[in-house]
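**Student:** Data file upload.pdb (PDB, C-alpha atoms and all ligand atoms) is appended below.
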MODEL        1
ATOM      1  CA  MET A   1      12.360  26.310  -5.835
ATOM      2  CA  GLY A   2      14.966  23.822  -4.633
ATOM      3  CA  ALA A   3      13.904  20.303  -3.720
ATOM      4  CA  GLU A   4      14.731  20.982  -0.072
ATOM      5  CA  GLU A   5      12.293  23.915   0.118
ATOM      6  CA  LYS A   6       9.217  22.023  -1.005
ATOM      7  CA  ASN A   7       6.510  20.957   1.410
ATOM      8  CA  ARG A   8       6.527  17.233   1.557
ATOM      9  CA  THR A   9       4.213  14.454   2.622
ATOM     10  CA  LEU A  10       5.657  11.241   4.015
ATOM     11  CA  ILE A  11       4.176   8.200   2.324
ATOM     12  CA  PHE A  12       4.659   4.657   3.593
ATOM     13  CA  THR A  13       4.406   2.332   0.579
ATOM     14  CA  TYR A  14       3.821  -1.350   1.179
ATOM     15  CA  GLY A  15       2.791  -2.718  -2.207
ATOM     16  CA  THR A  16       3.312  -2.176  -5.889
ATOM     17  CA  LEU A  17       4.969   1.218  -5.386
ATOM     18  CA  LYS A  18       7.980  -0.380  -3.677
ATOM     19  CA  ARG A  19      11.287  -0.864  -5.437
ATOM     20  CA  GLY A  20      11.166  -3.832  -7.770
ATOM     21  CA  PHE A  21       7.350  -3.862  -8.007
ATOM     22  CA  PRO A  22       5.127  -2.947 -10.962
ATOM     23  CA  ASN A  23       4.195   0.654 -10.052
ATOM     24  CA  HIS A  24       7.607   1.732  -8.828
ATOM     25  CA  GLY A  25       8.146   3.429 -12.200
ATOM     26  CA  LEU A  26       5.940   6.248 -10.967
ATOM     27  CA  ILE A  27       8.347   6.934  -8.106
ATOM     28  CA  GLU A  28      11.349   6.563 -10.415
ATOM     29  CA  ASP A  29       9.815   9.328 -12.551
ATOM     30  CA  LEU A  30       9.566  11.596  -9.516
ATOM     31  CA  ILE A  31      13.038  11.044  -8.070
ATOM     32  CA  PRO A  32      15.133  12.987 -10.643
ATOM     33  CA  THR A  33      13.142  16.198 -10.063
ATOM     34  CA  GLY A  34      13.235  15.788  -6.290
ATOM     35  CA  ASP A  35       9.479  15.130  -6.210
ATOM     36  CA  ALA A  36      10.123  11.866  -4.354
ATOM     37  CA  ILE A  37      12.955  10.959  -1.991
ATOM     38  CA  PHE A  38      13.543   7.453  -0.641
ATOM     39  CA  LEU A  39      13.930   7.538   3.130
ATOM     40  CA  GLY A  40      14.303   3.890   4.069
ATOM     41  CA  VAL A  41      12.658   0.629   4.984
ATOM     42  CA  TYR A  42      10.167   0.804   7.833
ATOM     43  CA  ARG A  43       7.586  -1.327   9.597
ATOM     44  CA  THR A  44       4.225  -0.391  10.993
ATOM     45  CA  VAL A  45       4.239   0.029  14.759
ATOM     46  CA  GLU A  46       0.852  -1.670  15.043
ATOM     47  CA  ARG A  47      -0.254  -4.857  13.357
ATOM     48  CA  TYR A  48      -2.424  -4.438  10.270
ATOM     49  CA  PRO A  49      -3.962  -6.865   7.799
ATOM     50  CA  LEU A  50      -2.066  -6.884   4.492
ATOM     51  CA  VAL A  51      -3.946  -8.971   1.954
ATOM     52  CA  CYS A  52      -4.279  -9.438  -1.780
ATOM     53  CA  GLY A  53      -7.453  -8.749  -3.664
ATOM     54  CA  PRO A  54      -8.255  -9.316  -7.326
ATOM     55  CA  PHE A  55      -5.243  -9.517  -9.677
ATOM     56  CA  ARG A  56      -2.966  -9.968  -6.619
ATOM     57  CA  VAL A  57      -3.333  -6.260  -5.894
ATOM     58  CA  PRO A  58      -2.201  -5.568  -2.305
ATOM     59  CA  PHE A  59      -4.329  -3.819   0.312
ATOM     60  CA  LEU A  60      -3.516  -2.652   3.804
ATOM     61  CA  ILE A  61      -6.692  -2.709   5.852
ATOM     62  CA  ASN A  62      -7.400  -0.156   8.514
ATOM     63  CA  LEU A  63      -7.991  -2.680  11.295
ATOM     64  CA  SER A  64      -5.057  -2.268  13.641
ATOM     65  CA  GLY A  65      -4.368  -5.193  15.943
ATOM     66  CA  HIS A  66      -5.082  -7.785  13.228
ATOM     67  CA  GLY A  67      -2.509  -9.329  10.895
ATOM     68  CA  ASP A  68       1.188  -8.539  11.297
ATOM     69  CA  ARG A  69       3.470  -5.560  11.519
ATOM     70  CA  VAL A  70       3.879  -4.704   7.847
ATOM     71  CA  ARG A  71       7.110  -3.841   6.093
ATOM     72  CA  GLY A  72       7.402  -1.140   3.438
ATOM     73  CA  GLU A  73       9.359   1.814   2.121
ATOM     74  CA  LEU A  74       9.090   5.429   3.173
ATOM     75  CA  TYR A  75       9.167   8.283   0.670
ATOM     76  CA  ALA A  76       8.975  12.051   1.080
ATOM     77  CA  VAL A  77       6.927  13.448  -1.799
ATOM     78  CA  THR A  78       6.023  16.922  -2.975
ATOM     79  CA  ALA A  79       2.481  18.057  -3.758
ATOM     80  CA  LYS A  80       3.110  17.130  -7.382
ATOM     81  CA  GLY A  81       4.338  13.678  -6.399
ATOM     82  CA  LEU A  82       1.380  13.163  -4.091
ATOM     83  CA  GLU A  83      -1.063  14.106  -6.825
ATOM     84  CA  ARG A  84       0.422  11.460  -9.123
ATOM     85  CA  MET A  85       0.260   8.831  -6.386
ATOM     86  CA  ASP A  86      -3.310   9.725  -5.387
ATOM     87  CA  GLU A  87      -4.340   9.410  -9.019
ATOM     88  CA  LEU A  88      -2.721   5.980  -9.350
ATOM     89  CA  GLU A  89      -4.366   4.765  -6.142
ATOM     90  CA  GLY A  90      -7.800   5.994  -7.223
ATOM     91  CA  ILE A  91      -8.340   8.247  -4.216
ATOM     92  CA  SER A  92     -11.145  10.179  -5.912
ATOM     93  CA  ARG A  93     -12.709   6.916  -7.133
ATOM     94  CA  GLY A  94     -12.951   5.240  -3.714
ATOM     95  CA  HIS A  95     -10.292   2.610  -4.404
ATOM     96  CA  TYR A  96      -7.841   3.422  -1.627
ATOM     97  CA  GLU A  97      -7.926   6.079   1.065
ATOM     98  CA  ARG A  98      -4.845   7.890   2.337
ATOM     99  CA  LEU A  99      -4.745   7.983   6.133
ATOM    100  CA  PRO A 100      -2.141   8.330   8.901
ATOM    101  CA  ILE A 101       0.016   5.418  10.007
ATOM    102  CA  GLU A 102       2.731   4.992  12.632
ATOM    103  CA  ILE A 103       5.967   3.411  11.493
ATOM    104  CA  SER A 104       9.433   2.687  12.872
ATOM    105  CA  PRO A 105      12.731   1.784  11.156
ATOM    106  CA  ASP A 106      12.973  -1.861  10.141
ATOM    107  CA  GLU A 107      15.784  -3.308  12.255
ATOM    108  CA  GLU A 108      16.838  -5.839   9.627
ATOM    109  CA  ALA A 109      17.120  -3.218   6.881
ATOM    110  CA  ALA A 110      18.945  -0.872   9.236
ATOM    111  CA  ALA A 111      21.493  -3.610   9.928
ATOM    112  CA  ASN A 112      22.056  -3.964   6.182
ATOM    113  CA  GLY A 113      22.861  -0.279   5.944
ATOM    114  CA  THR A 114      20.040   0.492   3.511
ATOM    115  CA  ASP A 115      18.084   2.545   5.982
ATOM    116  CA  LYS A 116      18.911   6.184   6.511
ATOM    117  CA  ARG A 117      17.363   5.994  10.001
ATOM    118  CA  ILE A 118      15.707   9.327   9.660
ATOM    119  CA  ALA A 119      13.795  10.138  12.813
ATOM    120  CA  VAL A 120      10.194  10.140  11.682
ATOM    121  CA  THR A 121       8.067  11.664  14.367
ATOM    122  CA  GLY A 122       4.705  11.625  12.689
ATOM    123  CA  GLY A 123       2.717  12.853   9.756
ATOM    124  CA  VAL A 124       3.180   9.622   7.803
ATOM    125  CA  GLU A 125       0.345   8.372   5.623
ATOM    126  CA  ALA A 126      -0.404   5.186   3.712
ATOM    127  CA  TYR A 127      -2.926   4.053   1.138
ATOM    128  CA  TYR A 128      -5.451   1.807   2.870
ATOM    129  CA  ALA A 129      -8.204  -0.249   1.278
ATOM    130  CA  HIS A 130     -11.237   2.039   1.199
ATOM    131  CA  ARG A 131     -13.559   1.581   4.182
ATOM    132  CA  SER A 132     -16.419   0.647   1.845
ATOM    133  CA  TYR A 133     -14.908  -2.821   1.325
ATOM    134  CA  GLY A 134     -11.892  -3.124   3.691
ATOM    135  CA  GLU A 135     -13.399  -5.402   6.329
ATOM    136  CA  GLU A 136     -15.114  -7.588   3.765
ATOM    137  CA  LEU A 137     -11.805  -8.082   1.964
ATOM    138  CA  TRP A 138     -10.162  -9.101   5.231
ATOM    139  CA  ARG A 139     -12.889 -11.705   5.856
ATOM    140  CA  SER A 140     -12.631 -12.931   2.268
ATOM    141  CA  ASN A 141      -8.965 -13.644   2.900
ATOM    142  CA  GLY A 142      -9.904 -15.858   5.852
ATOM    143  CA  GLU A 143      -8.466 -13.137   8.100
ATOM    144  CA  LYS A 144      -4.957 -14.186   7.113
ATOM    145  CA  GLY A 145      -2.479 -11.520   6.138
ATOM    146  CA  PHE A 146       1.139 -11.122   5.101
ATOM    147  CA  CYS A 147       3.915  -9.196   6.807
ATOM    148  CA  ARG A 148       5.142  -7.881   3.475
ATOM    149  CA  TYR A 149       4.237  -7.804  -0.188
ATOM    150  CA  SER A 150       7.102 -10.041  -1.333
ATOM    151  CA  GLU A 151       7.820 -11.299  -4.848
ATOM    152  CA  LYS A 152       6.141 -14.547  -3.882
ATOM    153  CA  VAL A 153       3.015 -12.821  -2.559
ATOM    154  CA  ALA A 154       2.937 -10.597  -5.641
ATOM    155  CA  SER A 155       3.289 -13.455  -8.092
ATOM    156  CA  GLY A 156       0.320 -13.569 -10.436
ATOM    157  CA  TYR A 157      -0.146  -9.780 -10.287
ATOM    158  CA  ILE A 158      -1.982  -8.505 -13.343
ATOM    159  CA  ARG A 159      -1.329  -5.001 -14.597
ATOM    160  CA  ARG A 160      -4.222  -2.646 -15.123
ATOM    161  CA  SER A 161      -3.822  -2.690 -18.903
ATOM    162  CA  GLU A 162      -4.213  -6.471 -18.925
ATOM    163  CA  ARG A 163      -7.368  -6.589 -16.799
ATOM    164  CA  PRO A 164     -10.876  -6.846 -18.233
ATOM    165  CA  GLN A 165     -11.747  -3.285 -19.236
ATOM    166  CA  ASN A 166     -15.526  -3.587 -18.946
ATOM    167  CA  VAL A 167     -15.621  -4.130 -15.179
ATOM    168  CA  SER A 168     -14.620  -1.374 -12.756
ATOM    169  CA  PHE A 169     -12.000  -1.934 -10.081
ATOM    170  CA  LEU A 170     -14.596  -1.666  -7.296
ATOM    171  CA  GLU A 171     -16.775  -4.215  -9.079
ATOM    172  CA  GLN A 172     -13.750  -6.517  -9.352
ATOM    173  CA  ILE A 173     -13.236  -6.192  -5.620
ATOM    174  CA  GLN A 174     -16.895  -7.075  -4.984
ATOM    175  CA  LEU A 175     -16.619 -10.081  -7.291
ATOM    176  CA  PHE A 176     -13.450 -11.187  -5.511
ATOM    177  CA  CYS A 177     -15.123 -10.889  -2.098
ATOM    178  CA  SER A 178     -18.286 -12.684  -3.106
ATOM    179  CA  SER A 179     -16.470 -15.574  -4.773
ATOM    180  CA  SER A 180     -14.036 -16.220  -1.918
ATOM    181  CA  PRO A 181     -14.819 -19.182   0.313
ATOM    182  CA  ARG A 182     -15.939 -18.025   3.693
ATOM    183  CA  VAL A 183     -16.428 -19.780   6.985
ATOM    184  CA  ASN A 184     -19.907 -19.018   8.197
ATOM    185  CA  VAL A 185     -20.055 -18.563  11.923
ATOM    186  CA  THR A 186     -23.526 -19.166  13.264
ATOM    187  CA  ASP A 187     -24.638 -18.830  16.818
TER     188      ASP A 187
HETATM  189  N1  LIG B   1       0.287   0.698  -4.082
HETATM  190  C1  LIG B   1       0.346   1.402  -2.861
HETATM  191  C2  LIG B   1      -0.849   0.922  -2.117
HETATM  192  C3  LIG B   1      -1.106  -0.425  -2.643
HETATM  193  C4  LIG B   1      -0.319  -0.486  -3.881
HETATM  194  O1  LIG B   1      -0.173  -1.432  -4.602
HETATM  195  C5  LIG B   1       1.623   1.058  -2.144
HETATM  196  O2  LIG B   1       2.510   0.430  -2.723
HETATM  197  O3  LIG B   1       1.744   1.411  -0.963
ENDMDL
END
Starting from the file, give its structure as structure tokens.

**Tutor:**
Amino acid sequence: MGAEEKNRTLIFTYGTLKRGFPNHGLIEDLIPTGDAIFLGVYRTVERYPLVCGPFRVPFLINLSGHGDRVRGELYAVTAKGLERMDELEGISRGHYERLPIEISPDEEAAANGTDKRIAVTGGVEAYYAHRSYGEELWRSNGEKGFCRYSEKVASGYIRRSERPQNVSFLEQIQLFCSSSPRVNVTD
């Protein structure tokens, strides 16, 4: 089957899967076989919290109207590509959840000529922080987010292989949330 005949899912990446970031190798593996195609730089239509959790791992939180419009890269991936991405993002382990998102071309990137300006009408998905901890992570970050996962924001990122192996990722998230300073609002 030719690459153009495959059913594809549109994935908006905002974190370590982007070009130049630590998990982009996965996408680079998929590009030669046509299992991933770069479509351009986009921004979310709505505002969303983009925060870092443990190990400077980025999380988009499904709380539209908070944070900023977030910048990322759009890819069209085949079922095989999607399976690899879902595995990396721990979909079956409750790390991230893949849900719809609305995006539009990033004007700045379009002006630089890097954006193919493909009309994306819908059916785009992104990996959000799982609902089991999303809101807590937002509060732990003092409800302050970023508009993109830049090199500066990502600095201090620790790869999976270099993290403590005896504590699960979800436990690390809980530890991160419970050790973050929090302003207690009492009424
Ligand atoms: N990888 C996915 C979700 C968060 C992450 O680091 C991405 O880049 O969109």

**Student:** Can you list every residue of stretch 30-147 of chain A that has an atom at most 12 Å from stretch 154-175 of chain A, with its nearest atom pair and the distance in Å to one decimal, using all atoms listed in the file, ordered by chain then number, as a Markdown table?

**Tutor:**
| residue | atom | partner | partner_atom | distance |
| --- | --- | --- | --- | --- |
| A:Leu50 | CA | A:Ala154 | CA | 11.9 |
| A:Val51 | CA | A:Ala154 | CA | 10.4 |
| A:Cys52 | CA | A:Ala154 | CA | 8.3 |
| A:Gly53 | CA | A:Ile173 | CA | 6.6 |
| A:Pro54 | CA | A:Ile173 | CA | 6.1 |
| A:Phe55 | CA | A:Ile158 | CA | 5.0 |
| A:Arg56 | CA | A:Tyr157 | CA | 4.6 |
| A:Val57 | CA | A:Tyr157 | CA | 6.5 |
| A:Pro58 | CA | A:Ala154 | CA | 7.9 |
| A:Phe59 | CA | A:Ile173 | CA | 11.0 |
| A:Leu88 | CA | A:Arg160 | CA | 10.5 |
| A:Glu89 | CA | A:Phe169 | CA | 10.9 |
| A:Gly90 | CA | A:Phe169 | CA | 9.4 |
| A:Arg93 | CA | A:Leu170 | CA | 8.8 |
| A:Gly94 | CA | A:Leu170 | CA | 8.0 |
| A:His95 | CA | A:Leu170 | CA | 6.7 |
| A:Tyr96 | CA | A:Leu170 | CA | 10.2 |
| A:Ala129 | CA | A:Ile173 | CA | 10.4 |
| A:His130 | CA | A:Leu170 | CA | 9.9 |
| A:Arg131 | CA | A:Leu170 | CA | 12.0 |
| A:Ser132 | CA | A:Leu170 | CA | 9.6 |
| A:Tyr133 | CA | A:Gln174 | CA | 7.9 |
| A:Gly134 | CA | A:Ile173 | CA | 9.9 |
| A:Glu135 | CA | A:Gln174 | CA | 12.0 |
| A:Glu136 | CA | A:Gln174 | CA | 8.9 |
| A:Leu137 | CA | A:Ile173 | CA | 7.9 |
| A:Trp138 | CA | A:Ile173 | CA | 11.6 |
| A:Ser140 | CA | A:Gln174 | CA | 10.3 |
| A:Phe146 | CA | A:Ala154 | CA | 10.9 |

**Student:** Can you tell me how far atom CA of A:Pro22 sits from atom C4 of ligand LIG 1 (chain B), in Å to one decimal?

**Tutor:**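 We find that atom CA of A:Pro22 and atom C4 of ligand LIG 1 (chain B) lie 9.3 Å from each other.
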
**Student:** Pick the closest to ligand LIG 1 (chain B) from A:Arg98, A:Lys152, A:Arg69, A:Arg47: which is it, counting all atoms listed in the file?

**Tutor:**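 Among the listed residues, the smallest separation from ligand LIG 1 (chain B) belongs to A:Arg98.
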
**Student:** Write out as a PDB file with C-alpha atoms, keeping the file's coordinate frame each polymer residue (protein, DNA or RNA) that has an atom no more than 6 Å from ligand LIG 1 (chain B), with only C-alpha atoms and all ligand atoms counted.

**Tutor:**
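This went into out_2.pdb:
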ATOM      1  CA  THR A  13       4.406   2.332   0.579  1.00  0.00           C
ATOM      2  CA  TYR A  14       3.821  -1.350   1.179  1.00  0.00           C
ATOM      3  CA  GLY A  15       2.791  -2.718  -2.207  1.00  0.00           C
ATOM      4  CA  THR A  16       3.312  -2.176  -5.889  1.00  0.00           C
ATOM      5  CA  LEU A  17       4.969   1.218  -5.386  1.00  0.00           C
ATOM      6  CA  LYS A  18       7.980  -0.380  -3.677  1.00  0.00           C
ATOM      7  CA  VAL A  57      -3.333  -6.260  -5.894  1.00  0.00           C
ATOM      8  CA  PRO A  58      -2.201  -5.568  -2.305  1.00  0.00           C
ATOM      9  CA  PHE A  59      -4.329  -3.819   0.312  1.00  0.00           C
ATOM     10  CA  TYR A 127      -2.926   4.053   1.138  1.00  0.00           C
TER      11      TYR A 127
END

**Student:** For a quick check of understanding, using all atoms listed in the file, which of A:Ser180, A:Arg19, A:Gly25, A:Tyr128 has the smallest distance to A:Asp86?

**Tutor:**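 The closest residue to A:Asp86 is A:Tyr128.
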
**Student:** I need the residue nearest A:Leu82 from this list: A:Glu107, A:Glu102, A:Glu125, A:Glu46. Use only C-alpha atoms for the distance.

**Tutor:**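 Using only C-alpha atoms, A:Leu82 sits closest to A:Glu125.
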
**Student:** Residue by residue, what does the PyMOL selection byres (((chain A and resi 83) around 12) and not hetatm) grab here? Present the result as a ChimeraX atom specification.

**Tutor:** /A:8-9,26-27,30,35-36,77-82,84-92,98

**Student:** Go ahead and dump the residues you just picked, C-alpha atoms, as an mmCIF file, in the frame of the given file.

**Tutor:**
data_model
loop_
_atom_site.group_PDB
_atom_site.id
_atom_site.type_symbol
_atom_site.label_atom_id
_atom_site.label_comp_id
_atom_site.auth_asym_id
_atom_site.auth_seq_id
_atom_site.Cartn_x
_atom_site.Cartn_y
_atom_site.Cartn_z
ATOM 1 C CA ARG A 8 6.527 17.233 1.557
ATOM 2 C CA THR A 9 4.213 14.454 2.622
ATOM 3 C CA LEU A 26 5.940 6.248 -10.967
ATOM 4 C CA ILE A 27 8.347 6.934 -8.106
ATOM 5 C CA LEU A 30 9.566 11.596 -9.516
ATOM 6 C CA ASP A 35 9.479 15.130 -6.210
ATOM 7 C CA ALA A 36 10.123 11.866 -4.354
ATOM 8 C CA VAL A 77 6.927 13.448 -1.799
ATOM 9 C CA THR A 78 6.023 16.922 -2.975
ATOM 10 C CA ALA A 79 2.481 18.057 -3.758
ATOM 11 C CA LYS A 80 3.110 17.130 -7.382
ATOM 12 C CA GLY A 81 4.338 13.678 -6.399
ATOM 13 C CA LEU A 82 1.380 13.163 -4.091
ATOM 14 C CA ARG A 84 0.422 11.460 -9.123
ATOM 15 C CA MET A 85 0.260 8.831 -6.386
ATOM 16 C CA ASP A 86 -3.310 9.725 -5.387
ATOM 17 C CA GLU A 87 -4.340 9.410 -9.019
ATOM 18 C CA LEU A 88 -2.721 5.980 -9.350
ATOM 19 C CA GLU A 89 -4.366 4.765 -6.142
ATOM 20 C CA GLY A 90 -7.800 5.994 -7.223
ATOM 21 C CA ILE A 91 -8.340 8.247 -4.216
ATOM 22 C CA SER A 92 -11.145 10.179 -5.912
ATOM 23 C CA ARG A 98 -4.845 7.890 2.337
#

**Student:** Please, what distance in Å, to one decimal, runs between atom CA of A:Glu97 and atom CA of A:Asn62?

**Tutor:**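 Interatomic distance, atom CA of A:Glu97 to atom CA of A:Asn62: 9.7 Å.
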
**Student:** Between atom CA of A:Ser150 and atom CA of A:Gly34, what is the distance, to one decimal in Å?

**Tutor:** 27.0 Å

**Student:** Which is closest to A:Asp106 among A:Cys147, A:Arg139, A:Gly123, A:Tyr42, if we use all atoms listed in the file?

**Tutor:**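 Selected residue with least distance to A:Asp106: A:Tyr42.
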
**Student:** With only C-alpha atoms as the atoms that count, which of A:Ser104, A:Leu99, A:Asn23, A:Lys6 lies nearest to A:Ile37?

**Tutor:**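 Result for the nearest residue to A:Ile37: A:Lys6.
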
**Student:** So which residues get picked by the PyMOL selection byres (((chain A and resi 41) around 10) and not hetatm) here, written as number ranges by chain?

**Tutor:** A: 12-14, 18, 38-40, 42-43, 71-75, 103-110, 114-117

**Student:** Can you write just those residues out, C-alpha atoms, as a PDB file, keeping the file's coordinate frame?

**Tutor:**
ATOM      1  CA  PHE A  12       4.659   4.657   3.593  1.00  0.00           C
ATOM      2  CA  THR A  13       4.406   2.332   0.579  1.00  0.00           C
ATOM      3  CA  TYR A  14       3.821  -1.350   1.179  1.00  0.00           C
ATOM      4  CA  LYS A  18       7.980  -0.380  -3.677  1.00  0.00           C
ATOM      5  CA  PHE A  38      13.543   7.453  -0.641  1.00  0.00           C
ATOM      6  CA  LEU A  39      13.930   7.538   3.130  1.00  0.00           C
ATOM      7  CA  GLY A  40      14.303   3.890   4.069  1.00  0.00           C
ATOM      8  CA  TYR A  42      10.167   0.804   7.833  1.00  0.00           C
ATOM      9  CA  ARG A  43       7.586  -1.327   9.597  1.00  0.00           C
ATOM     10  CA  ARG A  71       7.110  -3.841   6.093  1.00  0.00           C
ATOM     11  CA  GLY A  72       7.402  -1.140   3.438  1.00  0.00           C
ATOM     12  CA  GLU A  73       9.359   1.814   2.121  1.00  0.00           C
ATOM     13  CA  LEU A  74       9.090   5.429   3.173  1.00  0.00           C
ATOM     14  CA  TYR A  75       9.167   8.283   0.670  1.00  0.00           C
ATOM     15  CA  ILE A 103       5.967   3.411  11.493  1.00  0.00           C
ATOM     16  CA  SER A 104       9.433   2.687  12.872  1.00  0.00           C
ATOM     17  CA  PRO A 105      12.731   1.784  11.156  1.00  0.00           C
ATOM     18  CA  ASP A 106      12.973  -1.861  10.141  1.00  0.00           C
ATOM     19  CA  GLU A 107      15.784  -3.308  12.255  1.00  0.00           C
ATOM     20  CA  GLU A 108      16.838  -5.839   9.627  1.00  0.00           C
ATOM     21  CA  ALA A 109      17.120  -3.218   6.881  1.00  0.00           C
ATOM     22  CA  ALA A 110      18.945  -0.872   9.236  1.00  0.00           C
ATOM     23  CA  THR A 114      20.040   0.492   3.511  1.00  0.00           C
ATOM     24  CA  ASP A 115      18.084   2.545   5.982  1.00  0.00           C
ATOM     25  CA  LYS A 116      18.911   6.184   6.511  1.00  0.00           C
ATOM     26  CA  ARG A 117      17.363   5.994  10.001  1.00  0.00           C
TER      27      ARG A 117
END
